[in-house]
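Notes to accompany the following structure.
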There are 4 protein chains.
Amino acid sequence: MSTSALTSAAPGVSSPTAAQPLLDRFRDVRAFSERMCEGMEAEDFVIQSMPDVSPTKWHLAHTTWFFEAFLLQPHDPEYRPLNGQYNYLFNSYYNTIGEQFCRPRRGQISRPTVREVMEYRRHVDRQVGALVEERASEGRLSDVWDTVMLGTHHEQQHQELMAADIKHVFSINPLRPAWRTGREDPAAGHPPALEWIDHPGGLVAIGHEGDRFHFDNETKRHRVWLEPFELGSRLVTNAEYLAFMEDGGYDRPDLWLSMGWAAVRESSVKENDWERMDKPLYWFRDGSEWWHYTLAGPRPVHPDEPVVHVSYYEADAYARWAGARLPSEAEWEVVGAELVASEGPAALERGTFSDDFVFHPQALRADAPSGRPHQMFGEVWEWTRSAYEAYPGFTPWEGAAGEYNGKFMANQIVLRGGSCATARDHIRPTYRNFFYAGDRWQFKGIRLARDAR
Amino acid sequence: MSTSALTSAAPGVSSPTAAQPLLDRFRDVRAFSERMCEGMEAEDFVIQSMPDVSPTKWHLAHTTWFFEAFLLQPHDPEYRPLNGQYNYLFNSYYNTIGEQFCRPRRGQISRPTVREVMEYRRHVDRQVGALVEERASEGRLSDVWDTVMLGTHHEQQHQELMAADIKHVFSINPLRPAWRTGREDPAAGHPPALEWIDHPGGLVAIGHEGDRFHFDNETKRHRVWLEPFELGSRLVTNAEYLAFMEDGGYDRPDLWLSMGWAAVRESSVKENDWERMDKPLYWFRDGSEWWHYTLAGPRPVHPDEPVVHVSYYEADAYARWAGARLPSEAEWEVVGAELVASEGPAALERGTFSDDFVFHPQALRADAPSGRPHQMFGEVWEWTRSAYEAYPGFTPWEGAAGEYNGKFMANQIVLRGGSCATARDHIRPTYRNFFYAGDRWQFKGIRLARDAR
Amino acid sequence: MSTSALTSAAPGVSSPTAAQPLLDRFRDVRAFSERMCEGMEAEDFVIQSMPDVSPTKWHLAHTTWFFEAFLLQPHDPEYRPLNGQYNYLFNSYYNTIGEQFCRPRRGQISRPTVREVMEYRRHVDRQVGALVEERASEGRLSDVWDTVMLGTHHEQQHQELMAADIKHVFSINPLRPAWRTGREDPAAGHPPALEWIDHPGGLVAIGHEGDRFHFDNETKRHRVWLEPFELGSRLVTNAEYLAFMEDGGYDRPDLWLSMGWAAVRESSVKENDWERMDKPLYWFRDGSEWWHYTLAGPRPVHPDEPVVHVSYYEADAYARWAGARLPSEAEWEVVGAELVASEGPAALERGTFSDDFVFHPQALRADAPSGRPHQMFGEVWEWTRSAYEAYPGFTPWEGAAGEYNGKFMANQIVLRGGSCATARDHIRPTYRNFFYAGDRWQFKGIRLARDAR
Amino acid sequence: MSTSALTSAAPGVSSPTAAQPLLDRFRDVRAFSERMCEGMEAEDFVIQSMPDVSPTKWHLAHTTWFFEAFLLQPHDPEYRPLNGQYNYLFNSYYNTIGEQFCRPRRGQISRPTVREVMEYRRHVDRQVGALVEERASEGRLSDVWDTVMLGTHHEQQHQELMAADIKHVFSINPLRPAWRTGREDPAAGHPPALEWIDHPGGLVAIGHEGDRFHFDNETKRHRVWLEPFELGSRLVTNAEYLAFMEDGGYDRPDLWLSMGWAAVRESSVKENDWERMDKPLYWFRDGSEWWHYTLAGPRPVHPDEPVVHVSYYEADAYARWAGARLPSEAEWEVVGAELVASEGPAALERGTFSDDFVFHPQALRADAPSGRPHQMFGEVWEWTRSAYEAYPGFTPWEGAAGEYNGKFMANQIVLRGGSCATARDHIRPTYRNFFYAGDRWQFKGIRLARDAR
């Protein structure tokens with residue numbers, strides 16, 4: 001892996017020569033994964049409720065394997081793996097490194113147990129700590145800095161997957177267990193009406209530049225021509241989405257992309273009612289009232305909260321019904337970057353993130369000021385209209401890390417802005433998330449856009 | 001449920017009026033299920049490695065539910081279920097009782113946990129004990145005797161399924177864990193050569209008669225005409241089966257039933273090598289040597305042990321290759337019953353059963369006497385050539401218990417004799433087990449027969 | 001192919017030494033296949049409307065290939081195939097002869113065209129004629145007699161498949177074309193009420209004996225013990241089956257075998273309404289009236305006609321609902337054989353057969369005499385309760401012909417008696433037809449039986 | 001349908017007020033479809049060799065239905081359909097118009113026959129002719145002009161599908177029939193080496209503008225910023241693609257997109273060898289030589305011809321192997337438009353098109369001049385790297401025609417330039433074709449691009 005391909009500074013860290021800030025970040029991220037598991041039973045860690053989901057146990061092991069395969073094995077000739085088979089069991093998709101255990105069968109493997117996985121974590125944590133300290137003492141910390149940073153950001157991505165996966169796992173259990181009981185009260189008062197934030201477009205630049213951490217798919221920074229456009233001032237709420245549903249939104253093929261309409265119709269044979277695509281994932285009716293499953297257990301759908309767990313097809317159909325469209329990723333990024341430029345880092349940190357341990361998007365406050373975009377970061381990932389493609393001049397990282405992002409640049413859609421399951425220090429305006437158009441189990445919602453009038 | 005439909009005496013119990021023998025059997029059987037789980041990790045109880053397999057946790061709960069649904073609910077008006085959802089989660093296939101949770105998703109349910117299932121068992125055990133004692137004190141024990149007996153035999157059947165299921169679960173894990181470490185040494189010396197035991201046939205009677213416990217599918221006892229035949233004196237060994245393999249047995253369509261040949265060819269796309277039907281299930285090559293996965297972990301295939309984990313198609317193809325055929329269930333039963341008649345109960349108890357905690361079929365001793373059948377009971381279930389059909393005059397039990405056996409009388413094949421995973425006091429000559437022709441994960445083997453010369 | 005394995009006399013033919021009777025039968029059968037195709041368009045010959053169905057063009061070619069592969073190639077060293085690829089395209093399932101074209105893709109092959117297939121038929125017809133005459137002149141006719149006879153009976157079986165297959169092909173076309181327009185008027189007056197014909201059972205013999213043509217699966221003739229039973233005097237009518245439907249027969253799991261109930265529920269997602277298993281195949285509602293598709297086009301269901309196009313599962317559920325059961329094949333054969341013994345060949349010829357060119361089962365006449373079985377031959381194949389197994393002492397024909405019947409002896413159910421699509425001179429009391437329990441597209445119906453009271 | 005949404009002039013036609021040019025184009029296009037069918041047998045028109053393929057008969061009827069549904073029904077109140085069911089059978093995907101017959105079952109419908117479809121064509125042709133002449137005589141031709149034009153371009157698209165579909169149909173037949181026998185000799189001499197044509201990029205405009213016919217998805221014309229790039233001077237040849245294959249291109253996961261690599265591996269179970277994705281579709285080995293199936297039957301792969309029948313995944317992997325990438329659609333269009341601007345319409349007409357009745361891409365002449373792009377139009381559709389998305393300001397046509405293009409804007413990839421199966425007067429620089437990344441059965445090939453050095 002090319003050290004030049006990764007950036008050389010951790011967020012908030014001024015120098016890559018001191019071990020402590022790096023170790024602090026490493027330990028914080030590693031600890032947060034385990035904090036997320038508090039209160040879970042051993043049995044909960046094992047389940048793969050659909051092929052897209054991975055068992056929690058697998059996430060905990062895979063993020064550990066990542067440090068083993070990308071950091072310890074290449075940089076520490078003395079390193080001995082705890083178990084030679086883990087390189088097969090916990091490699092997700094890196095063909096450069098070797099064969100992988102069949103993904104849809106991750107939930108059929110009882111061993112290693114949770115306890116053994118935790119021992120694996122301890123083993124690797126110790127070795128990573130020792131390696132970092134040794135390199136720092138030798139003045140060669142920069143050789144491993146980027147890889148440790150990448151590993152922590154990788155683990156933060158998996159923390160988000162863990163939250164979404166465990167939500168699916170718990171949701172399909174007829175006992176409807178709650179993962180976490182505490183959550184904040186919804187905001188008082190209704191959010192302000194949707195406004196349209198004008199943007200003149202023109203020749204803008206998007207993509208990452210500079211030496212802070214970022215993924216390869218955010219580069220190169222490049223110019224894009226935008227026609228004038230308007231962006232919705234906030235996320236679409238459950239109340240707004242319900243109006244679409246009550247207007248027959250799921251019954252009108254003219255609102256849907258062809259594959260979306262096919263998905264709506266095929267979904268009618270789903271055993272689990274709430275997996276039918278005639279409402280957002282996890283919604284169900286209790287008499288005349290709409291409820292949804294949340295990580296705090298079932299509760300009524302709150303009209304003011306952002307709609308969440310919708311597919312690209314639903315977001316696109318909703319936008320068409322609303323006489324609007326989804327933003328392109330360039331449109332989104334330009335507005336997001338300008339917000340951060342004008343308000344500073346606080347703009348990034350204002351929303352709901354995993355750090356808040358709520359794991360559910362929150363309603364916009366009734367007193368949110370007019371004339372500016374809200375909820376750009378945190379709450380829910382926002383579907384753009386942009387296919388996930390390489391930026392001009394894109395070069396994948398060298399070596400196995402080159403498989404991290406580049407090989408998925410087909411048939412997926414870009415999402416922006418992070419969610420209530422994203423770590424606060426993990427998001428930035430240039431961040432590109434990507435999923436298949438039909439995926440709903442992540443925390444995904446809708447922001448509208450439209451051409452300037 | 002009709003009390004007259006079930007028999008009125010437990011094995012070895014002289015009177016159905018005293019509570020103690022019934023409770024002894026109940027507690028012994030219940031305890032054996034839990035003893036089988038000793039040493040297992042919580043994660044092991046959760047896995048469903050293929051749709052046919054159920055998680056161990058599910059077996060422990062379902063056998064408990066059986067007493068709840070068939071005994072406590074109908075007979076104890078005060079009874080309150082521990083959890084109302086268990087009737088949905090742990091009902092296997094009794095439509096008379098209600099809807100059931102989707103079978104292929106049993107492995108996607110982390111809750112109730114193992115601990116909660118054990119509490120469920122305790123809850124039901126207490127209530128069953130109380131009910132039996134109350135009825136005994138009232139002199140009405142016979143009203144519930146049959147149902148308690150049925151529940152214990154039902155649980156013994158699930159103990160056998162647990163052994164087969166957990167073997168599959170552990171086998172597909174690349175770490176190849178062992179379930180049990182201890183097992184007996186193979187017998188010294190080779191078993192005697194296969195002999196053919198003559199039987200004159202004629203008008204014989206098969207099926208159960210009398211008041212000891214039996215299933216409804218063993219009745220009515222009825223007459224059958226048999227042509228003279230010969231039965232193999234012992235089970236087919238691994239060495240014999242290897243000769244078939246080395247003679248190209250899996251490559252010669254002329255040896256196979258049409259659906260068997262299709263299964264052989266389709267199996268070539270199995271991810272897991274040992275699930276390919278070009279050798280018994282669990283076999284794999286290590287260099288030039290054949291190994292197989294056993295519940296004590298991988299070990300070399302012993303030439304003298306009975307071949308195990310073959311499908312009906314393989315048993316049938318082997319028999320054709322050997323110039324023989326499989327016995328009909330009537331042929332098998334007549335010989336088995338005559339053996340028990342001449343030697344007494346000892347004939348039933350001589351083989352390897354679950355009580356021995358070996359869970360692997362044992363080789364016939366080198367000094368086994370000539371001129372008589374061996375290995376008729378225990379070791380491996382023996383495929384017959386008989387489709388599983390109703391006996392003349394068959395009437396299913398009344399009520400929900402009528403779904404126990406009768407509704408499966410299509411497309412399955414009868415197996416006879418019990419296996420190393422069967423409880424010793426659970427088997428009898430009239431016992432009819434049944435599986436689909438392609439099933440291999442139970443402990444199933446081969447005994448040959450042929451027409452008299 | 002062993003000439004001793006096949007019988008040595010054609011029906012109604014006294015001597016196997018004269019060519020003319022054999023050629024007459026050969027030409028009659030070959031001509032009947034083509035007569036069935038009169039009025040069909042070229043496009044109709046190509047369609048495979050489901051994997052079980054073969055295109056008419058394929059049937060015409062396969063029955064020709066059968067003579068090529070079983071008669072001309074082995075017996076005529078000079079024989080040159082018309083096209084070397086036909087041996088691959090038109091071999092159905094004879095592994096002994098070679099690889100076969102993938103069955104579910106038979107409908108994806110436009111060439112050879114119908115005209116080319118007809119040329120193929122002419123080519124083979126000429127060669128068969130020449131071979132038979134040459135052998136007769138050499139006094140060696142008996143060497144090929146059996147094979148020619150087998151080929152004609154094989155083609156008669158395919159004529160029946162052609163009728164069933166083309167019915168399915170036409171049925172799924174929304175234009176609902178008719179294959180044949182003319183058909184006889186239903187009989188006037190209602191059939192007599194169902195009576196129960198007693199039989200004492202005992203030690204009876206079933207299976208073929210003697211030198212008239214028969215299939216290998218009808219041998220050996222052997223003894224069977226039967227308990228006393230009663231057989232329904234006629235087929236179940238549409239009116240009777242409707243009573244079952246109106247009584248909720250398709251909604252009561254207690255009436256169904258487990259796999260049948262699963263089939264009922266899975267069928268609810270069928271696109272084509274009449275393929276749903278909540279009524280016989282081809283039935284549909286027009287307002288309050290039941291109609292069905294017939295080879296003469298859609299018409300109202302006639303209450304007095306035998307119910308047709310039901311699966312084994314439906315036949316079994318109906319019988320259970322009616323407080324009866326299906327007959328075993330031995331019970332059926334004993335009654336059928338006794339009928340023929342007492343009435344002579346006329347008993348066999350009385351029903352509706354393909355020769356009548358009606359291709360729909362006819363109602364029993366109102367004046368049918370009491371006290372004896374009716375509709376035993378022709379009208380509809382009658383589901384028995386017997387799995388299709390080898391008779392004691394069964395030996396398949398030698399060579400490729402051994403694949404004709406024996407390799408299907410698993411997972412199928414025996415049907416008896418022939419249907420309105422069977423040739424009149426093709427049926428006999430010992431004839432064993434076999435299909436999978438879920439198959440409905442053949443002309444299959446229901447006769448009840450019950451244990452003697 | 002909004003007449004303002006469609007353009008108002010046919011290619012080469014100066015005025016939309018005279019009926020004759022419109023009728024000439026209508027009749028020419030209609031006649032070409034039927035000319036393509038000359039020599040085909042009735043059976044050939046029926047086959048659907050995979051779900052993506054439609055029977056030729058269906059194409060002939062659907063293109064006729066298009067005029068019925070979009071022109072005659074809305075504009076002629078007197079119009080009576082020939083058969084009311086055709087609106088269901090031959091509607092492809094227009095939900096606005098009504099339900100459609102299940103697409104994967106198009107090959108299971110024998111009626112209407114080819115003759116009946118031809119009668120349907122005659123019926124609609126007469127009515128269209130009468131309507132056009134009536135409107136011209138009334139001075140209201142412009143009301144229907146656009147729709148007739150759309151119908152002819154729609155039919156030209158289906159002509160291309162017909163060629164690709166019939167190629168697949170004939171290819172899977174083991175008899176390997178030829179559709180057309182005549183084809184031109186390959187050019188003498190090898191094509192010149194690949195050159196890189198520089199383009200400075202910058203702020204360019206793409207998309208259609210003006211009143212000539214175009215599809216809605218080509219609008220709005222809009223600005224795009226391009227970084228400097230280089231475009232390959234010609235298509236990739238078979239010889240070049242073979243070098244990729246011989247270098248292990250299909251065995252190196254690092255060259256492939258993730259879904260492409262999955263497709264390569266899954267393809268290994270294809271029954272038909274040439275459908276395996278370890279070579280272009282239709283390729284097969286004959287000893288040491290590579291052959292492929294063409295519409296003129298099997299013939300050796302010519303090294304100088306453009307490679308054809310590759311998926312996006314293969315095109316992308318080849319480009320990566322070659323150290324290049326695929327062009328974006330904007331890059332392609334800018335170069336294509338500049339070529340047409342500098343050379344006039346001749347630039348569009350120089351390649352191989354359906355008009356040439358060769359239906360196979362031709363090698364570039366050895367004397368092709370240096371320093372300019374070749375083979376931009378005709379030969380093979382060229383995969384771009386661009387997902388098929390809406391242009392800024394895109395508005396679908398009104399009414400049912402709005403389903404023509406817009407609803408497919410997800411998960412597909414843009415191709416440019418037309419092919420040897422495209423009509424010469426159907427292509428233009430702004431034309432956007434689109435297919436799924438795995439599709440190979442159209443005439444698709446590869447042109448490389450790269451960032452400016």
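Scheme for the structure tokens: letters A, B, ... for chains in order shown; per-chain residue numbers from 1; ligand numbers from 1 in order shown.
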Tell me which protein, DNA and RNA residues are within 9 Å of Asp251 of chain A, counting only C-alpha atoms, leaving out same-chain ones fewer than 6 positions away, and put them as a ChimeraX atom specification.
-> /A:245,264,278
Near-Glu43 of chain A list (7 Å; only C-alpha atoms; drop same-chain fewer than 4 positions) as a list in words | Ala42, Glu43, Val46, Ser110 and Thr113 of chain B
Find the residues of chain A in contact range of chain D, meaning any atom within 6 Å when counting only C-alpha atoms, and list them as a list in words.
->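 Result: Val224, Trp225, Leu257, Ser258, Lys407, Phe408 and Asn411 of chain A.
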Straight-line distance linking atom CA of Thr294 of chain C with atom CA of Pro174 of chain C, stated in Å to one decimal |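 Distance between the two atoms: 14.0 Å.
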Please give the complete set of residues from segment 46-135 of chain C that DSSP, run on the backbone, assigns to helix (DSSP H, G or I), formatted as an MDAnalysis selection string.
-> chainID C and resid 46 56:75 86:89 103:108 114:135
Name the residues in contact with Leu235 of chain A at a cut-off of 6 Å, using only C-alpha atoms, excluding same-chain residues fewer than 4 positions from it; report them as an MDAnalysis selection string.
-> chainID A and resid 306 446:447
For Arg121 of chain C, please output as a list in words all residues within 9 Å (counting only C-alpha atoms; exclusion window: fewer than 3 positions along the same chain).
-> Arg30, Leu60, Ala61, Thr63, Thr64, Trp65, Glu116, Val117, Met118, Val124, Asp125 and Arg126 of chain C
Write the residues of the selection above to a file with C-alpha atoms, as a short mmCIF file (atom, residue, chain, number, x, y, z; two decimals), in the first residue's frame.
```
data_model
loop_
_atom_site.label_atom_id
_atom_site.label_comp_id
_atom_site.auth_asym_id
_atom_site.auth_seq_id
_atom_site.Cartn_x
_atom_site.Cartn_y
_atom_site.Cartn_z
CA ARG C 30 -47.23 -43.39 -37.15
CA LEU C 60 -42.74 -36.11 -33.66
CA ALA C 61 -38.97 -36.22 -33.94
CA THR C 63 -40.62 -40.95 -31.56
CA THR C 64 -38.83 -41.19 -34.89
CA TRP C 65 -35.43 -41.09 -33.27
CA GLU C 116 -37.77 -31.13 -41.82
CA VAL C 117 -39.13 -33.25 -39.00
CA MET C 118 -41.72 -34.68 -41.36
CA VAL C 124 -37.09 -43.43 -40.92
CA ASP C 125 -40.46 -44.88 -41.96
CA ARG C 126 -38.96 -46.03 -45.24
#
```
Run DSSP on the backbone of this structure and report the residues of segment 74-268 of chain B it assigns to strand (DSSP E), as a list in words.
->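 So the strand (DSSP E) residues in segment 74-268 of chain B would be Trp196, Ile197, Asp198, His199, Gly202, Leu203, Val204, Ala205, Ile206, His222, Arg223, Val224, Trp225, Leu226, Phe229, Glu230, Leu231 and Gly232 of chain B.
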Show which residues sit within 12 Å of Pro369 of chain C, as a PyMOL selection string. Count only C-alpha atoms, and ignore same-chain residues fewer than 4 positions away.
-> chain C and resi 191-195+233-234+364-365+373-375
Write out as an NGL selection string which residues come within 8 Å of Met149 of chain C when counting only C-alpha atoms, dropping same-chain ones fewer than 2 positions away.
-> :C and (10 or 22 or 26 or 145-147 or 151-153 or 213)
Do you have the atom CA of Gly207 of chain A-atom CA of Gly438 of chain A distance handy?
-> 26.0 Å
Got a sec: who's within 9 Å of Ser33 of chain A, counting only C-alpha atoms, leaving out chain neighbours fewer than 6 positions off, as a PyMOL selection string?
-> chain A and resi 60+155-156+158-159+162
Rank A:Trp332, A:Tyr79, A:Gln20, A:Arg25 by their smallest atom-to-atom distance to Ser137 of chain A, using only C-alpha atoms, and report the top residue only.
->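 Nearest candidate to Ser137 of chain A out of A:Trp332, A:Tyr79, A:Gln20, A:Arg25: A:Gln20.
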